[in-house]
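Below: the structure, in structure tokens.
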Amino acid sequence: MGPVLLGLALLLRAGLGAGPLRGCSETRRALGARGLGLGPPALLSGEHLRICPQDYTCCSSDLEEQLSRQSESDFRALVEEGASFLSSTLASRHRRFEEFFRELLVTAERGLQAMFTRTYGRLYTQNARLFVGLFAELQRQQQGARLSLAEVLDELWVRLLERMLPLLNPQYQFPPAYLECVGRQAEALRPFGDVPRKLRLQVTRAFGAAQAFVQGLATGRDVVTKAAKMAPSSECLRAAMRMSYCPLCRGSPALKPCRAFCLNVMKGCLAAATALHAEWDHFLDALIQVAERLVGPFNVELAAESIGVKISEGIMYMQENGVQTSAKVFQGCGTPRPAPARSRRATQPETKRRFRTYPTEEKPTTAAGTNLDRLVIDVKEKLQLMRGFWLGLPHTLCSDGKVAADVTEEDKCWNGQARGRYLPDVTGDGLANQINNPEVEVDITRPNLLTRHHLLQLRAATSRLQGAYTGQDLDFQDTFADEDGSGSGGGERYSEDGPATGGGSSSSTVGSRPPDSRSPRRDRPIKGSRQNHHPSGSSSCAAFWRGSALLLLLPALEWLLLGQ
């Protein structure tokens, strides 16, 4: 029996020497410090373990299960913390730009009101609701409402024509039916010259770009937040447990995983998120390009300032050409009936007031206390830093000294089985390279459903930004923004450093109108409206059907992504 006992003793010593096992005292102290109990008082045979190596262990089955749940919680928190720079930065810049554009419109409206009151007096106050309605629509558009700024502006000019024609011709009566005829003649009459076209181009391009940019920031914020909270696979959770807590079960809770081991685990766990890489960078490029437009050709500050200037220019043009315009109106709609003499005399003093543009020094100011150039410079710098984020996330996480050992400690780290060098190669970046990941089994044939949805969100936002960059009049939001709240004012609420509880902006606020502004009349053609710009007859209704068709095509689009 002596040789047999000696052989068993040698085998036992060999087993104990295979890893860093030195008893369970350190493990028990570590467990107690983390509030996880104390664990077994002595070594156990490890046949009961399901994740960690089945050598002698300091973990019971229950403790291994408990550590596995803790590992999942730690992993989720680690990924969310790694993405916190993106989510908090996008959230704060979204809020800053949204506040800036809102204040810009408020300042422009106040400037117009002050100057028009001084210039036009009672004529302005009697018709102020036209301009109040215009700025209300601009605010709604910036908050994400589906509307065409071209049609809003065209409606303003039509109504202004209906107001000015009686002022220029006080000797006639203009009943509502007659003014309806005048409105239908507006495009052919061109009573304000080329001013409406210039203002329409400037405002639709600038504010369309501003809206697309703000919505783009919100889309990026929501994609990052949801992708960082994506549920890890069961294979990922097993690998994360093996990497993080199995050293504790082996009696060495302070032993950190090898850097290469950590990289393989993280690349496998985050394989779905890395599938966002290409579309994410394209999305950032589009955001940066539109940001440059906002302080360049589509300068939104100049556009806001120009509203009052251009309207005043148009008013003066019509007054100077009032005789010719009136003659065309009478030719198309007939000569109106003469007005009573009393009405004629009461109106004449007001018509003698000269409409004029106001000097440059009196133009409405930009949003007080802010500077668009500084905002754009800041956001461009931040967006540049976000490029390559999804591919670099595993490297970022594993470079944290609290997560993995330094590369200089390749022989003094946890390799998944014991203390020692990690021998498998580190897989390449990206989803496709995880086919041979030694730590996490990954299905590389397609991204998961949530990732495909994020890809579609990014592509839709990129397409919208590219349209805004080229000056398109974007009169409807992306269908995806409505579904998940990634439009302006939707989604989660964020503090400067990350998400906070509470709902977003109320839909009633976005859709509200001032009580004294009327809805545009859509039963007549409007100068410069979508019917006139597009021979195909597309309109706001057509935009609605395009959005609906996009929603119906969502399953097909996701199917097309399967091969990517």
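All residue names refer to the structure tokens as shown: chains lettered A, B, ... in order, residues numbered from 1 in each chain, ligands numbered from 1 in order.
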| query | Can you tell me, as a PyMOL selection string, what residues are no more than 6 Å from segment 258-274 of chain A when counting only C-alpha atoms, ignoring any on the same chain fewer than 3 positions away? | reply | chain A and resi 236+277+390-391+394+398+404-405+413-415+426+430-431+439-440+447
| message | List the spatial neighbours of segment 223-230 of chain A as a PyMOL selection string - criterion: any atom at most 7 Å away, only C-alpha atoms, same-chain residues fewer than 6 positions off excluded. | response | chain A and resi 76+79-80+83+86-87+273+454
| said: Using only C-alpha atoms, can you tell me which of A:Ala218, A:Leu90, A:Ala136, A:Ala212 comes closest to Met386 of chain A? | reply: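 Looking at the shortest contact to Met386 of chain A, the residue is A:Leu90.
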| task | Would you please work out which residue, of A:Leu284, A:Pro247, A:Leu294, A:Arg190, is nearest to Arg387 of chain A when using only C-alpha atoms? | result | A:Leu284
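Residue nearest Gly420 of chain A within the list A:Lys328, A:Arg200, A:Arg205, A:Lys256: A:Lys256 [criterion: smallest interatomic distance, only C-alpha atoms].
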| request: Could you please write out, as a ChimeraX atom specification, every residue of segment 111-149 of chain A that DSSP assigns to alpha helix (DSSP H)? | output: /A:111-120,122-126,128-142,149
Take the residues from that selection and write them out as a short mmCIF file (atom, residue, chain, number, x, y, z; two decimals), in the first residue's frame, keeping N, CA and C atoms.
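Output file again.cif follows:
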data_model
loop_
_atom_site.label_atom_id
_atom_site.label_comp_id
_atom_site.auth_asym_id
_atom_site.auth_seq_id
_atom_site.Cartn_x
_atom_site.Cartn_y
_atom_site.Cartn_z
N GLY A 111 -37.30 90.70 -32.31
CA GLY A 111 -36.74 91.78 -33.12
C GLY A 111 -37.70 92.22 -34.22
N LEU A 112 -38.34 91.26 -34.86
CA LEU A 112 -39.32 91.61 -35.91
C LEU A 112 -40.48 92.39 -35.31
N GLN A 113 -40.99 91.93 -34.19
CA GLN A 113 -42.11 92.62 -33.56
C GLN A 113 -41.76 94.06 -33.20
N ALA A 114 -40.58 94.25 -32.60
CA ALA A 114 -40.19 95.59 -32.19
C ALA A 114 -40.02 96.51 -33.39
N MET A 115 -39.33 96.03 -34.42
CA MET A 115 -39.08 96.89 -35.57
C MET A 115 -40.34 97.15 -36.38
N PHE A 116 -41.17 96.12 -36.57
CA PHE A 116 -42.39 96.31 -37.36
C PHE A 116 -43.38 97.19 -36.61
N THR A 117 -43.37 97.12 -35.29
CA THR A 117 -44.25 97.99 -34.52
C THR A 117 -43.84 99.45 -34.71
N ARG A 118 -42.55 99.72 -34.66
CA ARG A 118 -42.07 101.09 -34.87
C ARG A 118 -42.27 101.55 -36.31
N THR A 119 -42.10 100.64 -37.24
CA THR A 119 -42.14 101.02 -38.65
C THR A 119 -43.57 101.10 -39.19
N TYR A 120 -44.40 100.13 -38.86
CA TYR A 120 -45.72 100.04 -39.48
C TYR A 120 -46.86 100.38 -38.52
N ARG A 122 -49.96 100.68 -36.37
CA ARG A 122 -51.20 99.92 -36.20
C ARG A 122 -51.39 98.88 -37.30
N LEU A 123 -50.84 99.13 -38.48
CA LEU A 123 -50.95 98.13 -39.54
C LEU A 123 -50.34 96.80 -39.12
N TYR A 124 -49.22 96.88 -38.41
CA TYR A 124 -48.60 95.63 -37.95
C TYR A 124 -49.41 94.99 -36.83
N THR A 125 -49.77 95.77 -35.83
CA THR A 125 -50.49 95.18 -34.70
C THR A 125 -51.80 94.53 -35.14
N GLN A 126 -52.45 95.11 -36.17
CA GLN A 126 -53.70 94.53 -36.66
C GLN A 126 -53.48 93.19 -37.36
N ALA A 128 -50.59 91.18 -36.75
CA ALA A 128 -49.45 90.52 -36.10
C ALA A 128 -49.60 89.01 -36.07
N ARG A 129 -50.85 88.52 -36.08
CA ARG A 129 -51.02 87.08 -35.97
C ARG A 129 -50.41 86.32 -37.15
N LEU A 130 -50.27 86.98 -38.30
CA LEU A 130 -49.61 86.34 -39.43
C LEU A 130 -48.18 85.95 -39.06
N PHE A 131 -47.48 86.87 -38.43
CA PHE A 131 -46.07 86.64 -38.10
C PHE A 131 -45.91 85.77 -36.86
N VAL A 132 -46.85 85.92 -35.93
CA VAL A 132 -46.85 85.01 -34.78
C VAL A 132 -47.03 83.58 -35.25
N GLY A 133 -47.94 83.39 -36.20
CA GLY A 133 -48.17 82.05 -36.74
C GLY A 133 -46.95 81.51 -37.46
N LEU A 134 -46.24 82.38 -38.19
CA LEU A 134 -45.03 81.94 -38.90
C LEU A 134 -43.99 81.42 -37.92
N PHE A 135 -43.70 82.18 -36.88
CA PHE A 135 -42.67 81.75 -35.93
C PHE A 135 -43.12 80.54 -35.12
N ALA A 136 -44.43 80.43 -34.88
CA ALA A 136 -44.93 79.24 -34.20
C ALA A 136 -44.68 77.99 -35.06
N GLU A 137 -44.88 78.11 -36.36
CA GLU A 137 -44.62 76.98 -37.26
C GLU A 137 -43.13 76.66 -37.33
N LEU A 138 -42.30 77.69 -37.33
CA LEU A 138 -40.85 77.45 -37.32
C LEU A 138 -40.43 76.72 -36.05
N GLN A 139 -41.01 77.10 -34.91
CA GLN A 139 -40.70 76.41 -33.66
C GLN A 139 -41.17 74.96 -33.72
N ARG A 140 -42.35 74.74 -34.25
CA ARG A 140 -42.87 73.37 -34.37
C ARG A 140 -41.97 72.53 -35.26
N GLN A 141 -41.50 73.13 -36.33
CA GLN A 141 -40.61 72.39 -37.24
C GLN A 141 -39.31 72.01 -36.55
N GLN A 142 -38.77 72.92 -35.75
CA GLN A 142 -37.53 72.62 -35.04
C GLN A 142 -37.74 71.58 -33.95
N LEU A 149 -41.70 73.78 -44.66
CA LEU A 149 -41.45 75.20 -44.46
C LEU A 149 -41.74 76.00 -45.72
#
Find the residues around Thr57 of chain A up to 9 Å (only C-alpha atoms counted), leave out those fewer than 2 positions away in its own chain, and share them as a PDB file with N, CA, C and O atoms, in the first residue's frame.
ATOM      1  N   LEU A  21      -3.763  27.993  -6.496  1.00  0.00           N
ATOM      2  CA  LEU A  21      -4.547  27.675  -5.307  1.00  0.00           C
ATOM      3  C   LEU A  21      -3.669  27.659  -4.056  1.00  0.00           C
ATOM      4  O   LEU A  21      -2.681  26.960  -3.981  1.00  0.00           O
ATOM      5  N   GLY A  23      -5.352  27.876  -0.806  1.00  0.00           N
ATOM      6  CA  GLY A  23      -6.348  27.857   0.253  1.00  0.00           C
ATOM      7  C   GLY A  23      -7.430  28.888  -0.045  1.00  0.00           C
ATOM      8  O   GLY A  23      -7.400  29.589  -1.055  1.00  0.00           O
ATOM      9  N   CYS A  24      -8.387  28.982   0.864  1.00  0.00           N
ATOM     10  CA  CYS A  24      -9.571  29.813   0.605  1.00  0.00           C
ATOM     11  C   CYS A  24      -9.642  31.058   1.477  1.00  0.00           C
ATOM     12  O   CYS A  24     -10.675  31.748   1.484  1.00  0.00           O
ATOM     13  N   ALA A  42     -13.213  25.499   3.485  1.00  0.00           N
ATOM     14  CA  ALA A  42     -12.049  24.729   3.036  1.00  0.00           C
ATOM     15  C   ALA A  42     -12.222  24.369   1.567  1.00  0.00           C
ATOM     16  O   ALA A  42     -13.280  24.573   0.963  1.00  0.00           O
ATOM     17  N   LEU A  43     -11.134  23.807   1.011  1.00  0.00           N
ATOM     18  CA  LEU A  43     -11.158  23.412  -0.396  1.00  0.00           C
ATOM     19  C   LEU A  43     -12.209  22.344  -0.666  1.00  0.00           C
ATOM     20  O   LEU A  43     -12.461  21.479   0.171  1.00  0.00           O
ATOM     21  N   LEU A  44     -12.810  22.452  -1.874  1.00  0.00           N
ATOM     22  CA  LEU A  44     -13.766  21.443  -2.329  1.00  0.00           C
ATOM     23  C   LEU A  44     -13.266  20.835  -3.620  1.00  0.00           C
ATOM     24  O   LEU A  44     -12.555  21.476  -4.399  1.00  0.00           O
ATOM     25  N   SER A  45     -13.677  19.625  -3.877  1.00  0.00           N
ATOM     26  CA  SER A  45     -13.433  19.035  -5.189  1.00  0.00           C
ATOM     27  C   SER A  45     -14.328  19.755  -6.197  1.00  0.00           C
ATOM     28  O   SER A  45     -15.491  20.050  -5.918  1.00  0.00           O
ATOM     29  N   GLY A  46     -13.803  20.061  -7.373  1.00  0.00           N
ATOM     30  CA  GLY A  46     -14.513  20.953  -8.294  1.00  0.00           C
ATOM     31  C   GLY A  46     -15.401  20.303  -9.317  1.00  0.00           C
ATOM     32  O   GLY A  46     -15.798  20.966 -10.288  1.00  0.00           O
ATOM     33  N   LEU A  49     -18.606  22.213 -10.505  1.00  0.00           N
ATOM     34  CA  LEU A  49     -18.545  23.497 -11.193  1.00  0.00           C
ATOM     35  C   LEU A  49     -19.007  23.365 -12.648  1.00  0.00           C
ATOM     36  O   LEU A  49     -18.681  22.397 -13.337  1.00  0.00           O
ATOM     37  N   CYS A  52     -16.285  27.373 -14.150  1.00  0.00           N
ATOM     38  CA  CYS A  52     -14.876  27.458 -13.797  1.00  0.00           C
ATOM     39  C   CYS A  52     -14.212  26.079 -13.923  1.00  0.00           C
ATOM     40  O   CYS A  52     -14.890  25.048 -13.960  1.00  0.00           O
ATOM     41  N   PRO A  53     -12.863  26.059 -14.005  1.00  0.00           N
ATOM     42  CA  PRO A  53     -12.141  24.778 -14.093  1.00  0.00           C
ATOM     43  C   PRO A  53     -12.513  23.859 -12.923  1.00  0.00           C
ATOM     44  O   PRO A  53     -12.625  24.308 -11.773  1.00  0.00           O
ATOM     45  N   GLN A  54     -12.682  22.580 -13.224  1.00  0.00           N
ATOM     46  CA  GLN A  54     -13.153  21.631 -12.211  1.00  0.00           C
ATOM     47  C   GLN A  54     -11.994  21.037 -11.415  1.00  0.00           C
ATOM     48  O   GLN A  54     -11.893  19.827 -11.229  1.00  0.00           O
ATOM     49  N   ASP A  55     -11.112  21.905 -10.955  1.00  0.00           N
ATOM     50  CA  ASP A  55     -10.056  21.497 -10.035  1.00  0.00           C
ATOM     51  C   ASP A  55     -10.544  21.778  -8.608  1.00  0.00           C
ATOM     52  O   ASP A  55     -11.697  22.142  -8.397  1.00  0.00           O
ATOM     53  N   CYS A  59     -15.314  27.497  -4.329  1.00  0.00           N
ATOM     54  CA  CYS A  59     -16.687  27.886  -4.669  1.00  0.00           C
ATOM     55  C   CYS A  59     -17.607  26.664  -4.670  1.00  0.00           C
ATOM     56  O   CYS A  59     -17.303  25.654  -5.315  1.00  0.00           O
ATOM     57  N   SER A  60     -18.717  26.799  -3.995  1.00  0.00           N
ATOM     58  CA  SER A  60     -19.774  25.801  -4.089  1.00  0.00           C
ATOM     59  C   SER A  60     -20.597  26.073  -5.348  1.00  0.00           C
ATOM     60  O   SER A  60     -20.409  27.088  -6.028  1.00  0.00           O
ATOM     61  N   LEU A 248     -11.106  33.932  -8.405  1.00  0.00           N
ATOM     62  CA  LEU A 248     -11.543  33.962  -7.008  1.00  0.00           C
ATOM     63  C   LEU A 248     -11.849  32.551  -6.524  1.00  0.00           C
ATOM     64  O   LEU A 248     -11.487  32.173  -5.401  1.00  0.00           O
ATOM     65  N   CYS A 249     -12.519  31.768  -7.378  1.00  0.00           N
ATOM     66  CA  CYS A 249     -12.818  30.383  -6.993  1.00  0.00           C
ATOM     67  C   CYS A 249     -11.544  29.547  -6.856  1.00  0.00           C
ATOM     68  O   CYS A 249     -11.529  28.552  -6.124  1.00  0.00           O
ATOM     69  N   ARG A 250     -10.490  29.947  -7.534  1.00  0.00           N
ATOM     70  CA  ARG A 250      -9.223  29.219  -7.441  1.00  0.00           C
ATOM     71  C   ARG A 250      -8.369  29.717  -6.284  1.00  0.00           C
ATOM     72  O   ARG A 250      -7.231  29.295  -6.127  1.00  0.00           O
ATOM     73  N   GLY A 251      -8.886  30.655  -5.493  1.00  0.00           N
ATOM     74  CA  GLY A 251      -8.150  31.090  -4.320  1.00  0.00           C
ATOM     75  C   GLY A 251      -7.298  32.319  -4.518  1.00  0.00           C
ATOM     76  O   GLY A 251      -6.564  32.702  -3.601  1.00  0.00           O
TER      77      GLY A 251
END
Find the nearest atom pair between each residue of segment 131-222 of chain A and segment 457-462 of chain A for residues within 12 Å, count only C-alpha atoms, give distances in Å to one decimal, sort rows by chain and ascending number, and present the table as a Markdown table.
| residue | atom | partner | partner_atom | distance |
| --- | --- | --- | --- | --- |
| A:Gln211 | CA | A:Ala461 | CA | 11.5 |
| A:Ala212 | CA | A:Ala461 | CA | 8.0 |
| A:Phe213 | CA | A:Ala461 | CA | 9.2 |
| A:Val214 | CA | A:Ala461 | CA | 10.7 |
| A:Gln215 | CA | A:Ala461 | CA | 8.0 |
| A:Gly216 | CA | A:Ala461 | CA | 6.0 |
| A:Leu217 | CA | A:Ala461 | CA | 9.4 |
| A:Ala218 | CA | A:Ala461 | CA | 9.9 |
| A:Thr219 | CA | A:Ala461 | CA | 7.2 |
| A:Gly220 | CA | A:Leu458 | CA | 7.6 |
| A:Arg221 | CA | A:Leu458 | CA | 11.0 |
| A:Asp222 | CA | A:Gln457 | CA | 9.8 |
| note | As a check of understanding: the span from atom CA of Tyr172 of chain A to atom CA of Leu160 of chain A is 17.5 Å
| task | Identify, on the basis of only C-alpha atoms, every residue whose closest approach to Gln289 of chain A does not exceed 12 Å; exclude the query and any residue fewer than 3 positions from it along the same chain; express the result as an MDAnalysis selection string. | result | chainID A and resid 209:210 212:213 216 282:286 292:298 376:377 379:380 383:384 462 465:470
| request: Tell me which protein, DNA and RNA residues are within 12 Å of Leu36 of chain A, counting only C-alpha atoms, leaving out same-chain ones fewer than 5 positions away, and put them as a PyMOL selection string. | output: chain A and resi 27-31+59+62-70
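From atom CA of Met164 of chain A back to atom CA of Pro336 of chain A, the distance works out to 14.9 Å.
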| said: From the options A:Asn371, A:Gly471, A:Ser84, A:Ser326, which residue's atoms come nearest to Phe97 of chain A, counting only C-alpha atoms? | reply: A:Asn371
